[in-house]
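**Q** Provided herewith is a single structure, encoded as structure tokens, for subsequent inquiry.
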Amino acid sequence: MLGAACSAAPAAAPPAQAPNLNAIVQHGTVRVCSTGDYRPFTYRDPQGQWSGIDIDMAQDMAKRLGVTLDVVQTTWGTMMKDLGTRCDMAMGGITVTLDRAQHALYSAPYLRDGKAAIVRCADSSKYRTLADIDRPGVRVVVNPDGTNADFDKANIHHATIENYPDNNTIFGQVIANKADAMFTDASEIRWETKANPQLCGESIDHPFTFEQKAYLIPQSDPALQQWVDQWLNIAQNDGTYAAISQKWTGQVISAT
């Protein structure tokens, strides 16, 4: 009888333990991924200090859960990879998209938004509509990997799209006449035009798209999603969210 030598294949490494609500409470820390480059939602200054609507909301969430908040810096390109590994959830002006919803859970939405344009005020009469901007010779600057880039890819066919990697300084490209326009969320445009009087927003009250902001949670953690939804519902009805929204935007912006 011929015998075949058999060797057992090495056992596969067990998958990383998905975060869950009980583990967060037991560890006493909730890790929140945020990009830190999207005001008024999230900003990390050169000294490493965090601020913004969703940083304040994250602090309130951690307080009500009875744990410490640990904000973990991520990028728009690596956020989905970091979710569930480096952090328990992600917060910071995250737009609800069908693509992200295939790979993660969303909380209930908390803010309605949409894409609009930001241009130099001196040129605002030239760029009233999407068609005005999507013309040969117009330079549209965009930060890669996020929904702004998705919007440009779908809607800009004649203007030149120029990638710029630093979302914290990207509006300076428009101010310095190195670009003519940028498409981003109306909420961000309101913030930037308030801070930079050289810039004006177009279509911010009637955006080109319908969007909502929400928080991202690992697909494996519906218990955390349920708790976050309950916390968010309370925060939206006890004045917490209203005060934070008013602080950062000058108005209360809801999800509807």
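Going through the structure tokens in order, the chains are called A, B, and so on, while each chain numbers its residues from 1 and the ligands are numbered from 1 in the order shown.
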Kindly provide the residues of segment 64-105 of chain A that approach segment 31-44 of chain A to within 12 Å, each paired with its closest atom pair and their distance in Å to one decimal, based on only C-alpha atoms, listed by chain and increasing number, as a tab-separated table.

**A**
residue	atom	partner	partner_atom	distance
A:Val67	CA	A:Arg31	CA	10.0
A:Thr68	CA	A:Arg31	CA	8.6
A:Leu69	CA	A:Arg31	CA	6.3
A:Asp70	CA	A:Arg31	CA	4.7
A:Val71	CA	A:Val32	CA	4.9
A:Val72	CA	A:Cys33	CA	4.6
A:Gln73	CA	A:Ser34	CA	5.3
A:Thr74	CA	A:Thr35	CA	4.9
A:Thr75	CA	A:Thr35	CA	5.0
A:Trp76	CA	A:Thr35	CA	6.7
A:Gly77	CA	A:Thr35	CA	9.8
A:Thr78	CA	A:Thr35	CA	9.6
A:Met79	CA	A:Cys33	CA	7.4
A:Met80	CA	A:Cys33	CA	9.9
A:Lys81	CA	A:Cys33	CA	10.8
A:Asp82	CA	A:Cys33	CA	7.6
A:Leu83	CA	A:Cys33	CA	7.3
A:Gly84	CA	A:Arg31	CA	9.5
A:Thr85	CA	A:Arg31	CA	9.9
A:Arg86	CA	A:Arg31	CA	7.6
A:Cys87	CA	A:Arg31	CA	4.7
A:Asp88	CA	A:Arg31	CA	5.2
A:Met89	CA	A:Val32	CA	5.2
A:Ala90	CA	A:Cys33	CA	4.5
A:Met91	CA	A:Ser34	CA	5.5
A:Gly92	CA	A:Phe41	CA	5.2
A:Gly93	CA	A:Phe41	CA	5.3
A:Ile94	CA	A:Phe41	CA	9.0
A:Thr95	CA	A:Phe41	CA	11.5

**Q** Find the residue from A:Ile175, A:Ala235, A:Ile217, A:Ala243 that sits nearest to Arg64 of chain A; use only C-alpha atoms when measuring.

**A**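 Comparing A:Ile175, A:Ala235, A:Ile217, A:Ala243 against Arg64 of chain A, the winner is A:Ala235.
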
**Q** Name all residues at most 10 Å from Gln236 of chain A (count only C-alpha atoms; drop same-chain ones fewer than 6 positions away) and give them as a list in words.

**A**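 Close residues of Gln236 of chain A: Tyr110, Gln230, Ala242, Ala243 and Ser254 of chain A.
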
**Q** Quick one: residues within 7 Å of His157 of chain A, only C-alpha atoms counted, chain neighbours fewer than 2 positions away excluded, as a list in words?

**A** Asp134, Asn155 and Ala159 of chain A

**Q** Can you pull out every residue within 9 Å of His103 of chain A, counting only C-alpha atoms, but drop anything in the same chain fewer than 4 positions away, and send it as a VMD selection string?

**A** chain A and resid 80 99 218 to 219

**Q** When DSSP works through the backbone of this structure, what residues of segment 96-226 of chain A end up as helix (DSSP H, G or I), shown as a ChimeraX atom specification?

**A** /A:98-101,121-126,130-133,147-155,171-175,186-195,222-226

**Q** Which value, in Å to one decimal, gives the distance between atom CA of Met182 of chain A and atom CA of Ala117 of chain A?

**A**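 Rounded to one decimal, the two atoms are 5.6 Å apart.
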
**Q** Do you know which residues are at most 8 Å from Phe183 of chain A counting only C-alpha atoms, after dropping those on the same chain fewer than 4 positions away, and could you put them as a list of chain:residue names?

**A**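 So, after excluding close chain neighbours, the residues are A:Lys115, A:Ala116, A:Ala117, A:Ile118, A:Val140, A:Val141, A:Val142, A:Asn148, A:Phe151, A:Asp152.
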
**Q** Can you pull out every residue from segment 52-192 of chain A that DSSP, working from the backbone, puts in strand (DSSP E or B), and format the result as a ChimeraX atom specification?

**A** /A:68-73,83,87,89-90,95,104-106,111-113,115-120,139-142,160-163,181-185

**Q** Give the answer as one residue: which of A:Ala255, A:Ala179, A:Leu111, A:Leu21 has the shortest atom-to-atom distance to Asp54 of chain A, using only C-alpha atoms?

**A**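 Going through A:Ala255, A:Ala179, A:Leu111, A:Leu21 one by one, the smallest distance to Asp54 of chain A is for A:Leu111.
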
**Q** Write out as a PyMOL selection string the residues lying within 9 Å of Ser187 of chain A, counting only C-alpha atoms and excluding same-chain residues fewer than 3 positions away.

**A** chain A and resi 39-41+113-114+184+190-192+204+249

**Q** Pick the closest to Ala195 of chain A from A:Pro136, A:Pro46, A:Gly172, A:Gly239: which is it, counting only C-alpha atoms?

**A**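 Nearest candidate to Ala195 of chain A out of A:Pro136, A:Pro46, A:Gly172, A:Gly239: A:Gly172.
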
**Q** Between A:Thr256, A:Asn233, A:Ser245, A:Gln26, which one has atoms that come closest to Met61 of chain A, using only C-alpha atoms?

**A**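 Answer, going by the shortest atom-to-atom distance: A:Asn233.
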
**Q** Please measure the separation of atom CA of Arg128 of chain A and atom CA of Ser203 of chain A, giving the value in Å to one decimal.

**A**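 Computing the Euclidean distance for atom CA of Arg128 of chain A and atom CA of Ser203 of chain A yields 7.6 Å.
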